[in-house]
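Text of the file target_20.cif, holding mmCIF, C-alpha atoms and all ligand atoms:
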data_protein
#
loop_
_atom_site.label_atom_id
_atom_site.label_comp_id
_atom_site.auth_asym_id
_atom_site.auth_seq_id
_atom_site.Cartn_x
_atom_site.Cartn_y
_atom_site.Cartn_z
CA MET A 21 -16.36 -57.40 11.94
CA THR A 22 -16.19 -55.46 8.71
CA GLY A 23 -18.18 -52.28 8.60
CA LYS A 24 -19.39 -50.27 5.66
CA THR A 25 -17.33 -47.39 4.34
CA ILE A 26 -19.38 -44.60 2.82
CA VAL A 27 -18.23 -41.32 1.29
CA VAL A 28 -20.55 -38.30 1.03
CA THR A 29 -19.56 -36.17 -1.95
CA SER A 30 -21.00 -33.63 -4.40
CA GLY A 31 -18.57 -31.82 -6.65
CA LYS A 32 -20.12 -28.43 -5.96
CA GLY A 33 -19.47 -26.86 -2.58
CA GLY A 34 -22.02 -25.91 0.03
CA VAL A 35 -24.78 -28.30 -1.01
CA GLY A 36 -25.01 -30.11 2.35
CA LYS A 37 -22.35 -32.84 2.56
CA THR A 38 -21.27 -32.06 6.11
CA THR A 39 -24.87 -31.67 7.26
CA THR A 40 -25.67 -35.06 5.71
CA VAL A 41 -22.69 -36.81 7.32
CA ALA A 42 -23.50 -35.41 10.77
CA ASN A 43 -27.16 -36.41 10.59
CA ILE A 44 -26.75 -39.84 9.03
CA GLY A 45 -23.95 -40.68 11.47
CA THR A 46 -26.09 -39.61 14.41
CA VAL A 47 -29.10 -41.67 13.28
CA LEU A 48 -27.01 -44.81 12.79
CA ALA A 49 -25.41 -44.35 16.20
CA LYS A 50 -28.89 -43.96 17.72
CA LYS A 51 -29.71 -47.30 16.15
CA LYS A 52 -26.86 -48.70 18.27
CA TYR A 53 -24.35 -49.13 15.48
CA SER A 54 -20.79 -48.04 16.13
CA VAL A 55 -20.00 -45.13 13.85
CA VAL A 56 -16.93 -43.06 13.04
CA MET A 57 -17.13 -39.99 10.81
CA ILE A 58 -13.99 -38.75 9.12
CA ASP A 59 -13.69 -35.10 8.13
CA ALA A 60 -11.60 -35.38 4.97
CA ASP A 61 -11.90 -31.68 4.19
CA ILE A 62 -8.31 -30.87 5.13
CA GLY A 63 -7.77 -27.14 5.56
CA LEU A 64 -11.48 -26.36 5.83
CA ARG A 65 -12.65 -28.49 8.71
CA ASN A 66 -16.32 -28.18 9.66
CA LEU A 67 -17.74 -31.45 10.86
CA ASP A 68 -16.47 -30.68 14.38
CA VAL A 69 -18.51 -27.46 14.63
CA VAL A 70 -21.61 -29.00 13.09
CA MET A 71 -21.39 -31.75 15.73
CA GLY A 72 -20.58 -29.23 18.48
CA LEU A 73 -17.25 -30.89 19.27
CA GLU A 74 -14.86 -28.12 18.27
CA ASN A 75 -13.53 -27.64 21.81
CA ARG A 76 -12.31 -31.16 22.19
CA ILE A 77 -9.88 -31.44 19.33
CA VAL A 78 -6.30 -32.35 20.18
CA TYR A 79 -5.12 -34.51 17.30
CA ASN A 80 -6.41 -34.84 13.75
CA LEU A 81 -6.53 -36.99 10.64
CA VAL A 82 -3.07 -35.95 9.42
CA ASP A 83 -1.58 -36.71 12.84
CA ILE A 84 -2.88 -40.28 12.59
CA ILE A 85 -1.54 -40.70 9.07
CA GLU A 86 1.86 -39.30 10.03
CA GLY A 87 2.02 -41.51 13.09
CA LYS A 88 2.05 -38.59 15.55
CA CYS A 89 -0.73 -40.20 17.56
CA ARG A 90 -2.69 -43.41 17.75
CA LYS A 91 -6.07 -43.60 16.03
CA GLN A 92 -7.91 -43.63 19.34
CA GLN A 93 -6.23 -40.42 20.47
CA ALA A 94 -7.61 -38.46 17.52
CA MET A 95 -11.14 -39.83 17.71
CA ILE A 96 -13.53 -37.55 19.56
CA ARG A 97 -16.56 -39.09 21.18
CA ASP A 98 -19.95 -37.44 20.68
CA ARG A 99 -21.47 -35.58 23.62
CA LYS A 100 -24.66 -37.64 23.61
CA LEU A 101 -23.90 -40.92 21.91
CA HIS A 102 -21.00 -42.95 23.25
CA ASN A 103 -20.78 -45.12 20.13
CA LEU A 104 -20.33 -42.14 17.77
CA TYR A 105 -16.93 -40.60 17.00
CA ILE A 106 -15.43 -38.06 14.66
CA ILE A 107 -11.89 -37.80 13.33
CA PRO A 108 -11.37 -34.09 12.65
CA ALA A 109 -9.50 -32.77 9.63
CA ALA A 110 -6.25 -30.86 10.07
CA GLN A 111 -6.94 -27.17 9.74
CA THR A 112 -3.50 -25.86 8.86
CA ARG A 113 -2.27 -28.49 6.46
CA GLU A 114 -2.49 -29.11 2.72
CA LYS A 115 -4.74 -31.67 1.10
CA THR A 116 -1.60 -33.26 -0.29
CA SER A 117 -0.39 -34.25 3.18
CA VAL A 118 -2.53 -37.38 2.78
CA THR A 119 -2.48 -39.85 -0.12
CA PRO A 120 -5.32 -42.04 -1.42
CA ASP A 121 -3.44 -45.19 -0.37
CA GLN A 122 -3.07 -43.94 3.19
CA MET A 123 -6.79 -43.16 3.34
CA LYS A 124 -7.60 -46.58 1.97
CA ASP A 125 -5.56 -48.25 4.71
CA LEU A 126 -7.04 -46.10 7.45
CA CYS A 127 -10.62 -46.75 6.30
CA ALA A 128 -9.93 -50.49 6.14
CA GLU A 129 -8.55 -50.45 9.69
CA LEU A 130 -11.51 -48.45 10.98
CA ALA A 131 -13.98 -50.76 9.23
CA GLU A 132 -12.55 -53.58 11.35
CA GLU A 133 -13.63 -51.75 14.49
CA PHE A 134 -16.77 -49.90 13.44
CA ASP A 135 -20.07 -50.78 11.78
CA TYR A 136 -20.03 -47.56 9.76
CA VAL A 137 -17.18 -45.38 8.54
CA ILE A 138 -18.61 -42.20 6.99
CA ILE A 139 -16.31 -39.84 5.12
CA ASP A 140 -17.09 -36.14 4.63
CA CYS A 141 -15.59 -35.24 1.25
CA PRO A 142 -14.37 -31.74 0.35
CA ALA A 143 -15.88 -29.90 -2.62
CA GLY A 144 -14.11 -30.23 -5.95
CA ILE A 145 -12.68 -33.15 -7.87
CA GLU A 146 -8.98 -32.80 -7.09
CA GLN A 147 -6.68 -34.46 -4.58
CA GLY A 148 -9.02 -33.98 -1.61
CA PHE A 149 -11.81 -35.75 -3.49
CA LYS A 150 -9.52 -38.57 -4.54
CA ASN A 151 -8.39 -39.06 -0.94
CA ALA A 152 -11.93 -39.06 0.39
CA VAL A 153 -13.29 -41.62 -2.06
CA ALA A 154 -10.25 -43.93 -2.03
CA GLY A 155 -11.33 -45.98 0.97
CA ALA A 156 -15.08 -46.05 0.32
CA GLN A 157 -17.22 -48.91 -0.98
CA THR A 158 -20.36 -46.80 -1.26
CA ALA A 159 -20.83 -43.20 -2.36
CA ILE A 160 -23.64 -40.83 -1.54
CA VAL A 161 -23.84 -37.93 -3.97
CA VAL A 162 -25.60 -34.86 -2.59
CA THR A 163 -27.11 -32.32 -4.94
CA THR A 164 -29.54 -29.42 -4.74
CA PRO A 165 -32.23 -28.81 -7.39
CA GLU A 166 -30.05 -26.31 -9.23
CA VAL A 167 -28.42 -26.64 -12.60
CA SER A 168 -24.85 -26.08 -11.43
CA ALA A 169 -25.10 -28.57 -8.57
CA ILE A 170 -26.67 -31.17 -10.84
CA ARG A 171 -24.07 -30.74 -13.51
CA ASP A 172 -21.28 -31.16 -10.95
CA ALA A 173 -23.02 -34.18 -9.45
CA ASP A 174 -23.13 -35.79 -12.88
CA ARG A 175 -19.42 -35.17 -13.32
CA VAL A 176 -18.66 -36.70 -9.92
CA ILE A 177 -20.81 -39.74 -10.68
CA GLY A 178 -18.83 -40.21 -13.90
CA LEU A 179 -15.54 -40.01 -12.01
CA LEU A 180 -16.73 -42.44 -9.33
CA GLU A 181 -17.83 -44.95 -11.94
CA ALA A 182 -14.55 -44.57 -13.81
CA GLY A 183 -12.76 -45.28 -10.50
CA LEU A 184 -14.85 -48.43 -10.17
CA LEU A 185 -16.97 -47.21 -7.31
CA LYS A 186 -20.34 -48.36 -8.62
CA ASP A 187 -22.50 -48.36 -5.51
CA ILE A 188 -23.77 -44.80 -5.82
CA HIS A 189 -26.84 -43.23 -4.21
CA LEU A 190 -28.38 -39.81 -4.56
CA ILE A 191 -29.65 -37.33 -1.98
CA ILE A 192 -31.52 -34.24 -3.12
CA ASN A 193 -31.11 -31.53 -0.52
CA ARG A 194 -32.86 -28.18 -0.07
CA LEU A 195 -35.90 -29.06 -2.15
CA ASN A 196 -38.56 -26.38 -1.88
CA HIS A 197 -41.91 -28.09 -2.46
CA ARG A 198 -43.71 -24.82 -2.94
CA MET A 199 -41.38 -23.78 -5.75
CA VAL A 200 -41.61 -27.22 -7.37
CA LYS A 201 -45.38 -26.98 -7.37
CA LYS A 202 -45.24 -23.61 -9.07
CA GLY A 203 -42.89 -24.96 -11.71
CA ASP A 204 -40.05 -22.78 -10.48
CA MET A 205 -37.79 -25.60 -9.33
CA MET A 206 -36.86 -28.95 -10.84
CA SER A 207 -38.71 -31.81 -9.21
CA THR A 208 -37.32 -35.01 -7.73
CA GLU A 209 -38.45 -36.86 -10.85
CA ASP A 210 -36.68 -34.36 -13.10
CA ILE A 211 -33.42 -34.77 -11.22
CA ILE A 212 -33.56 -38.55 -11.07
CA SER A 213 -34.25 -38.77 -14.77
CA LEU A 214 -31.23 -36.55 -15.47
CA LEU A 215 -28.74 -38.25 -13.17
CA ALA A 216 -30.05 -41.82 -13.35
CA VAL A 217 -28.80 -42.83 -9.90
CA PRO A 218 -31.00 -44.49 -7.27
CA LEU A 219 -32.54 -42.04 -4.83
CA LEU A 220 -31.82 -42.39 -1.13
CA GLY A 221 -34.05 -39.51 -0.13
CA VAL A 222 -35.07 -35.88 -0.40
CA VAL A 223 -34.38 -33.28 2.28
CA PRO A 224 -36.53 -30.16 2.21
CA GLU A 225 -35.13 -26.67 2.43
CA SER A 226 -35.51 -25.83 6.10
CA GLU A 227 -34.61 -23.16 8.60
CA GLU A 228 -34.21 -25.89 11.19
CA VAL A 229 -31.01 -26.98 9.50
CA VAL A 230 -29.44 -23.59 10.13
CA ILE A 231 -30.70 -23.49 13.71
CA SER A 232 -29.38 -26.94 14.57
CA THR A 233 -26.02 -26.01 13.04
CA ASN A 234 -25.95 -22.88 15.19
CA ARG A 235 -26.45 -25.06 18.23
CA GLY A 236 -23.98 -27.72 17.17
CA THR A 237 -26.61 -30.42 17.64
CA PRO A 238 -27.62 -32.49 14.61
CA LEU A 239 -31.20 -32.02 13.53
CA VAL A 240 -32.15 -35.66 13.96
CA HIS A 241 -32.04 -35.28 17.75
CA ASP A 242 -35.09 -33.07 17.31
CA ARG A 243 -38.17 -35.16 16.66
CA GLY A 244 -40.53 -32.64 15.16
CA SER A 245 -38.49 -31.45 12.24
CA LYS A 246 -39.31 -32.42 8.67
CA ALA A 247 -35.73 -32.25 7.47
CA GLY A 248 -34.77 -34.37 10.47
CA VAL A 249 -37.32 -37.01 9.53
CA ALA A 250 -35.93 -37.00 6.00
CA PHE A 251 -32.44 -37.70 7.34
CA GLN A 252 -33.79 -40.46 9.61
CA GLN A 253 -35.37 -42.16 6.62
CA ILE A 254 -32.26 -41.73 4.53
CA ALA A 255 -30.09 -43.35 7.20
CA ALA A 256 -32.57 -46.19 7.59
CA ARG A 257 -32.57 -46.88 3.86
CA LEU A 258 -28.80 -46.80 3.86
CA ASN A 259 -28.96 -49.35 6.64
CA GLY A 260 -31.00 -51.64 4.38
CA GLU A 261 -34.36 -50.96 5.98
CA ASP A 262 -37.28 -50.99 3.60
CA ILE A 263 -38.83 -47.56 3.86
CA ALA A 264 -40.93 -46.25 1.01
CA LEU A 265 -39.73 -43.03 -0.53
CA ASP A 266 -41.49 -40.00 0.80
CA MET A 267 -44.85 -39.55 -0.86
CA GLU A 268 -44.78 -35.82 -0.34
CA GLN A 269 -42.87 -35.30 -3.52
CA LYS A 270 -45.52 -37.12 -5.51
CA VAL A 271 -47.46 -34.81 -7.71
CA THR A 272 -51.14 -34.72 -6.87
CA ILE A 273 -53.91 -34.44 -9.42
CA MET A 274 -54.52 -30.92 -8.16
CA ASP A 275 -50.92 -29.99 -8.99
CA ARG A 276 -51.28 -31.41 -12.44
CA MET A 277 -54.45 -29.46 -13.06
CA LYS A 278 -52.82 -26.27 -11.84
CA ARG A 279 -49.81 -26.90 -14.02
CA PHE A 280 -52.07 -27.64 -16.95
CA ILE A 281 -53.89 -24.38 -16.46
CA TRP A 282 -50.71 -22.38 -16.09
CA SER A 283 -48.91 -23.91 -19.02
CA MET B 2 -49.65 -12.58 -11.32
CA LEU B 3 -47.52 -11.19 -14.11
CA LYS B 4 -45.81 -14.54 -14.27
CA ALA B 5 -49.15 -16.30 -14.56
CA ILE B 6 -50.05 -14.10 -17.49
CA ARG B 7 -46.73 -14.75 -19.17
CA ARG B 8 -47.22 -18.48 -18.65
CA PHE B 9 -50.66 -18.17 -20.14
CA PHE B 10 -49.09 -16.76 -23.29
CA GLY B 11 -46.85 -19.74 -23.60
CA GLU B 12 -43.79 -18.99 -21.46
CA LYS B 13 -42.30 -22.20 -20.15
CA ALA B 14 -41.92 -22.86 -16.45
CA SER B 15 -38.32 -22.23 -15.45
CA SER B 16 -38.06 -25.77 -14.05
CA GLN B 17 -38.91 -27.14 -17.47
CA MET B 18 -36.27 -24.96 -19.09
CA ALA B 19 -33.72 -26.09 -16.51
CA ARG B 20 -34.50 -29.70 -17.16
CA GLN B 21 -34.23 -29.38 -20.92
CA ARG B 22 -30.99 -27.44 -20.68
CA MET B 23 -29.51 -30.00 -18.33
CA GLN B 24 -30.46 -32.87 -20.62
CA VAL B 25 -28.31 -31.31 -23.32
CA VAL B 26 -25.47 -30.17 -21.07
CA LEU B 27 -25.08 -33.54 -19.38
CA MET B 28 -25.10 -35.33 -22.70
CA HIS B 29 -22.27 -33.16 -23.94
CA ASP B 30 -20.34 -33.43 -20.67
CA ARG B 31 -20.61 -37.19 -20.71
CA MET B 32 -19.42 -37.42 -24.30
CA ASP B 33 -16.56 -35.10 -23.45
CA ILE B 34 -15.38 -37.16 -20.50
CA ALA B 35 -15.58 -40.32 -22.52
CA PRO B 36 -14.03 -39.95 -25.96
CA ASP B 37 -13.40 -43.69 -25.80
CA ILE B 38 -17.17 -44.22 -25.70
CA MET B 39 -17.57 -42.13 -28.84
CA GLU B 40 -14.89 -44.31 -30.44
CA ALA B 41 -16.65 -47.49 -29.32
CA LEU B 42 -19.95 -46.16 -30.67
CA LYS B 43 -18.30 -45.44 -34.02
CA ASN B 44 -16.94 -48.98 -34.20
CA ASP B 45 -20.32 -50.46 -33.32
CA ILE B 46 -22.03 -48.41 -36.01
CA ILE B 47 -19.45 -49.63 -38.54
CA ALA B 48 -20.03 -53.22 -37.44
CA VAL B 49 -23.80 -52.97 -37.81
CA LEU B 50 -23.70 -51.21 -41.18
CA SER B 51 -21.14 -53.70 -42.46
CA ARG B 52 -23.69 -56.48 -42.12
CA TYR B 53 -25.76 -54.81 -44.82
CA MET B 54 -23.32 -52.90 -46.96
CA GLU B 55 -19.71 -52.32 -47.73
CA ILE B 56 -18.73 -48.93 -46.37
CA ASP B 57 -15.65 -46.78 -46.45
CA LYS B 58 -14.69 -47.01 -42.77
CA ARG B 59 -12.30 -44.09 -42.92
CA THR B 60 -15.05 -41.67 -43.90
CA ILE B 61 -17.32 -42.29 -40.92
CA GLN B 62 -18.24 -39.27 -38.83
CA VAL B 63 -20.33 -39.31 -35.69
CA ASP B 64 -21.39 -36.03 -34.10
CA LEU B 65 -23.93 -34.63 -31.71
CA GLU B 66 -25.92 -31.84 -33.26
CA GLN B 67 -27.68 -29.34 -31.08
CA GLY B 68 -30.93 -27.87 -32.35
CA LYS B 69 -33.17 -25.45 -30.53
CA ASN B 70 -35.19 -28.11 -28.80
CA TYR B 71 -33.57 -31.37 -29.77
CA THR B 72 -30.21 -33.09 -29.76
CA ALA B 73 -29.43 -35.44 -32.61
CA LEU B 74 -26.76 -37.95 -33.32
CA ILE B 75 -25.63 -37.44 -36.90
CA SER B 76 -23.54 -40.04 -38.61
CA ASN B 77 -22.17 -39.78 -42.10
CA VAL B 78 -20.49 -42.54 -44.01
CA GLN B 79 -19.78 -43.37 -47.64
CA ILE B 80 -21.34 -46.52 -48.98
CA LYS B 81 -19.35 -48.51 -51.50
CA ARG B 82 -21.78 -51.31 -52.20
CA VAL B 83 -25.04 -52.70 -50.77
CA TYR B 84 -25.25 -56.45 -50.33
CA ARG B 85 -28.08 -58.54 -51.64
CA HIS B 86 -30.64 -59.47 -49.00
CA SER B 87 -29.48 -63.04 -48.70
CA MET B 88 -26.20 -61.82 -47.21
CA SER B 89 -27.66 -60.02 -44.26
CA THR B 90 -28.05 -61.98 -41.04
N1 LIG A 301 -31.89 -28.59 3.85
C1 LIG A 301 -31.30 -27.42 4.16
N2 LIG A 301 -32.06 -26.32 4.42
C2 LIG A 301 -31.48 -25.15 4.73
N3 LIG A 301 -30.15 -24.95 4.83
C3 LIG A 301 -29.34 -25.99 4.57
C4 LIG A 301 -29.86 -27.28 4.22
N4 LIG A 301 -28.82 -28.13 4.04
C5 LIG A 301 -27.70 -27.40 4.26
N5 LIG A 301 -28.00 -26.12 4.59
C6 LIG A 301 -27.05 -25.04 4.89
O1 LIG A 301 -26.17 -24.89 3.79
C7 LIG A 301 -24.87 -24.58 4.22
C8 LIG A 301 -23.88 -25.57 3.65
O2 LIG A 301 -24.11 -26.86 4.21
P1 LIG A 301 -22.90 -27.88 4.44
O3 LIG A 301 -21.80 -27.22 5.20
O4 LIG A 301 -23.47 -29.12 4.99
O5 LIG A 301 -22.44 -28.09 2.94
P2 LIG A 301 -21.13 -28.80 2.39
O6 LIG A 301 -21.51 -29.46 1.13
O7 LIG A 301 -20.51 -29.63 3.44
O8 LIG A 301 -20.20 -27.53 2.11
P3 LIG A 301 -18.63 -27.57 1.72
O9 LIG A 301 -18.58 -27.94 0.27
O10 LIG A 301 -18.18 -26.17 1.97
O11 LIG A 301 -17.98 -28.59 2.60
C9 LIG A 301 -24.91 -24.59 5.74
O12 LIG A 301 -25.02 -23.27 6.18
C10 LIG A 301 -26.16 -25.38 6.06
O13 LIG A 301 -26.73 -25.00 7.28
MG MG A 302 -18.50 -29.64 4.22
#
For the structure just supplied, provide its representation as structure tokens.
Ligand SMILES: Nc1ncnc2c1ncn2[C@@H]1O[C@H](COP(=O)(O)OP(=O)(O)OP(=O)(O)O)[C@@H](O)[C@H]1O
Ligand SMILES: [Mg+2]
Amino acid sequence: MTGKTIVVTSGKGGVGKTTTVANIGTVLAKKKYSVVMIDADIGLRNLDVVMGLENRIVYNLVDIIEGKCRKQQAMIRDRKLHNLYIIPAAQTREKTSVTPDQMKDLCAELAEEFDYVIIDCPAGIEQGFKNAVAGAQTAIVVTTPEVSAIRDADRVIGLLEAGLLKDIHLIINRLNHRMVKKGDMMSTEDIISLLAVPLLGVVPESEEVVISTNRGTPLVHDRGSKAGVAFQQIAARLNGEDIALDMEQKVTIMDRMKRFIWS
Amino acid sequence: MLKAIRRFFGEKASSQMARQRMQVVLMHDRMDIAPDIMEALKNDIIAVLSRYMEIDKRTIQVDLEQGKNYTALISNVQIKRVYRHSMST
């Protein structure tokens, strides 16, 4: 068995990488795939709290790399899904305690055992980024509809392509449909035309994201949430399922008329 | 309401401004990251022009010029001689 290795990255910090990893991983595990999520954000670990697994950590990613424990000892099983695991980052170590080659080897080993290996990349484009992308075949770039996030995403896409990682997909997070309609926020179409990377999906700005993070339970467990549905569709598309892109973001004739009147 | 009035008098939506600014910024960023692409572009321009005319390759300049609402690629090169039509392919 050889699973897929996927890195979730962005350049700019705080745009929703960890949220995306937690939700996509959970959806794929619910679909009965075996999934391991690696928190590669050494020194600023977060995936454990987003998944509500912070109390169970004994060993971490650096311990595996340094041979202080076996892989299985550092993997923490999810509370609800027995085929979903995380490997937490070390909290008190430097990003330089891991090298890209070591990450590559670890990801390759994990891909032998799991259907999906999903890597949560730190912000920035330095060593931590290089480590996180080293073992991945596919990259998901997360951006928000803001100029700084988009600029950084473009930079990251350039670096990925230069490093010969060509299978790149885009997620637009925190889109506010109301602001887009008023012309106060760039639309999905605007962003795609700027970045020219295939779109995996759009996640709306949503209070539910904050609430689910407070609880330590990924949003996709909750059926009624719009952002949760967006993540379900994103994971399904990633899994090769043919799901049409959300029509919500399509501009209606009414919107066009309004925009015409206002502009 | 104030915003609606300003829009009525021709103020652009901020999303439109963002998009136009990003088009320019990304173009510059991409050129910056890839000086080798600029070099390749230069060589391709020389190759194309050379089919029609003899040019002084050392004089070629290729730059991005930023206007208020456009970005242009400006290339300057000295022509030594233009071939007769029969020579072009
Ligand atoms: N769609 C959304 N709606 C509302 N809040 C969101 C949304 N997505 C993410 N957030 C919030 O934004 C914050 C940052 O999210 P997250 O930690 O996933 O980003 P990150 O890219 O992993 O950050 P870092 O670069 O620090 O690792 C969190 O508080 C999260 O709850
Ligand atoms: Mg994070």
**Request:** Would you list the contacts of range 68-77 of chain B as a list in words, taking every protein, DNA or RNA residue within 10 Å and counting all atoms listed in the file, but skipping same-chain residues closer than 2 positions in sequence?
**Result:**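 After dropping sequence-adjacent residues, the list is Gln21, Arg22, Gln24, Val25, Met28, His29, Lys43, Ile46, Thr60, Ile61, Gln62, Val63, Asp64, Leu65, Glu66, Gln79 and Ile80 of chain B.
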Requested write-out: C-alpha atoms of the selected residues, as a JSON list (two decimals), in the coordinates of the input:
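Ended up saving to out31.json:
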[["chain", "number", "residue", "atom", "x", "y", "z"],
["B", 21, "GLN", "CA", -34.23, -29.38, -20.92],
["B", 22, "ARG", "CA", -30.99, -27.44, -20.68],
["B", 24, "GLN", "CA", -30.46, -32.87, -20.62],
["B", 25, "VAL", "CA", -28.31, -31.31, -23.32],
["B", 28, "MET", "CA", -25.10, -35.33, -22.70],
["B", 29, "HIS", "CA", -22.27, -33.16, -23.94],
["B", 43, "LYS", "CA", -18.30, -45.44, -34.02],
["B", 46, "ILE", "CA", -22.03, -48.41, -36.01],
["B", 60, "THR", "CA", -15.05, -41.67, -43.90],
["B", 61, "ILE", "CA", -17.32, -42.29, -40.92],
["B", 62, "GLN", "CA", -18.24, -39.27, -38.83],
["B", 63, "VAL", "CA", -20.33, -39.31, -35.69],
["B", 64, "ASP", "CA", -21.39, -36.03, -34.10],
["B", 65, "LEU", "CA", -23.93, -34.63, -31.71],
["B", 66, "GLU", "CA", -25.92, -31.84, -33.26],
["B", 79, "GLN", "CA", -19.78, -43.37, -47.64],
["B", 80, "ILE", "CA", -21.34, -46.52, -48.98]]
**Request:** Compute the chain B side of the contact with chain A at 9 Å, counting only C-alpha atoms, and hand it back as number ranges by chain.
**Result:** B: 5-6, 8-17, 19-20, 22-24, 26-27, 30-31, 34
**Prompt:** What does the distance between CA of Gly248 in chain A and CA of Ala173 in chain A come to in Å, to one decimal place?
**Reply:**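 CA of Gly248 in chain A sits 23.1 Å away from CA of Ala173 in chain A.
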**Prompt:** Which is closest to Val229 in chain A among A:Asn43, A:Asn103, A:Ser54, A:Ser117, if we use only C-alpha atoms?
**Reply:**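 Checking each of A:Asn43, A:Asn103, A:Ser54, A:Ser117 against Val229 in chain A, counting only C-alpha atoms, the winner is A:Asn43.
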**Item:** Neighbourhood of ligand MG 302 (chain A) at 8 Å, counting all atoms listed in the file, reported as a PyMOL selection string
**Value:** chain A and resi 33-34+36-39+61+64-67+140-143
**Request:** Step by step: start from the point (-9.3, -32.2, 6.1) in the file's coordinates, keep every protein, DNA or RNA residue that has an atom no farther than 10 Å from it, count all atoms listed in the file, and write the set as an MDAnalysis selection string.
**Result:** chainID A and resid 58:67 80:82 107:115 117:118 140:142 148 151:152
**Request:** Would you mind reading off the distance between CA of Arg99 in chain A and CA of Ile231 in chain A, one decimal, in Å?
**Result:**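 Between CA of Arg99 in chain A and CA of Ile231 in chain A the gap works out to 18.2 Å.
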**Interatomic distance, CA of Leu190 in chain A to CA of Ala159 in chain A (Å, one decimal)** =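 Taking CA of Leu190 in chain A as the start and CA of Ala159 in chain A as the end point, the length is 8.6 Å.
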**Message:** Using all atoms listed in the file for the distances, tell me which of A:Gly236, A:Gly244, A:Pro218, A:Pro224 is nearest to ligand LIG 301 (chain A).
**Reply:**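 Of A:Gly236, A:Gly244, A:Pro218, A:Pro224, the one nearest ligand LIG 301 (chain A), counting all atoms listed in the file, is A:Pro224.
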**Prompt:** Which of these residues is nearest to ligand LIG 301 (chain A), using all atoms listed in the file: A:Val28, A:Ala154, A:Leu104, A:Val55?
**Reply:**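 Checking each candidate against ligand LIG 301 (chain A), we get A:Val28 as the closest.
Using only C-alpha atoms, the shortest contact distance between Ile139 in chain A and any of A:Thr237, A:Asn75, A:Thr22, A:Thr29 is found at A:Thr29.
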**Prompt:** For ligand LIG 301 (chain A), which residue out of A:Glu228, A:Glu261, A:Glu74, A:Asp135 is the nearest one, using all atoms listed in the file?
**Reply:**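 Going through A:Glu228, A:Glu261, A:Glu74, A:Asp135 one by one, the smallest distance to ligand LIG 301 (chain A) is for A:Glu228.
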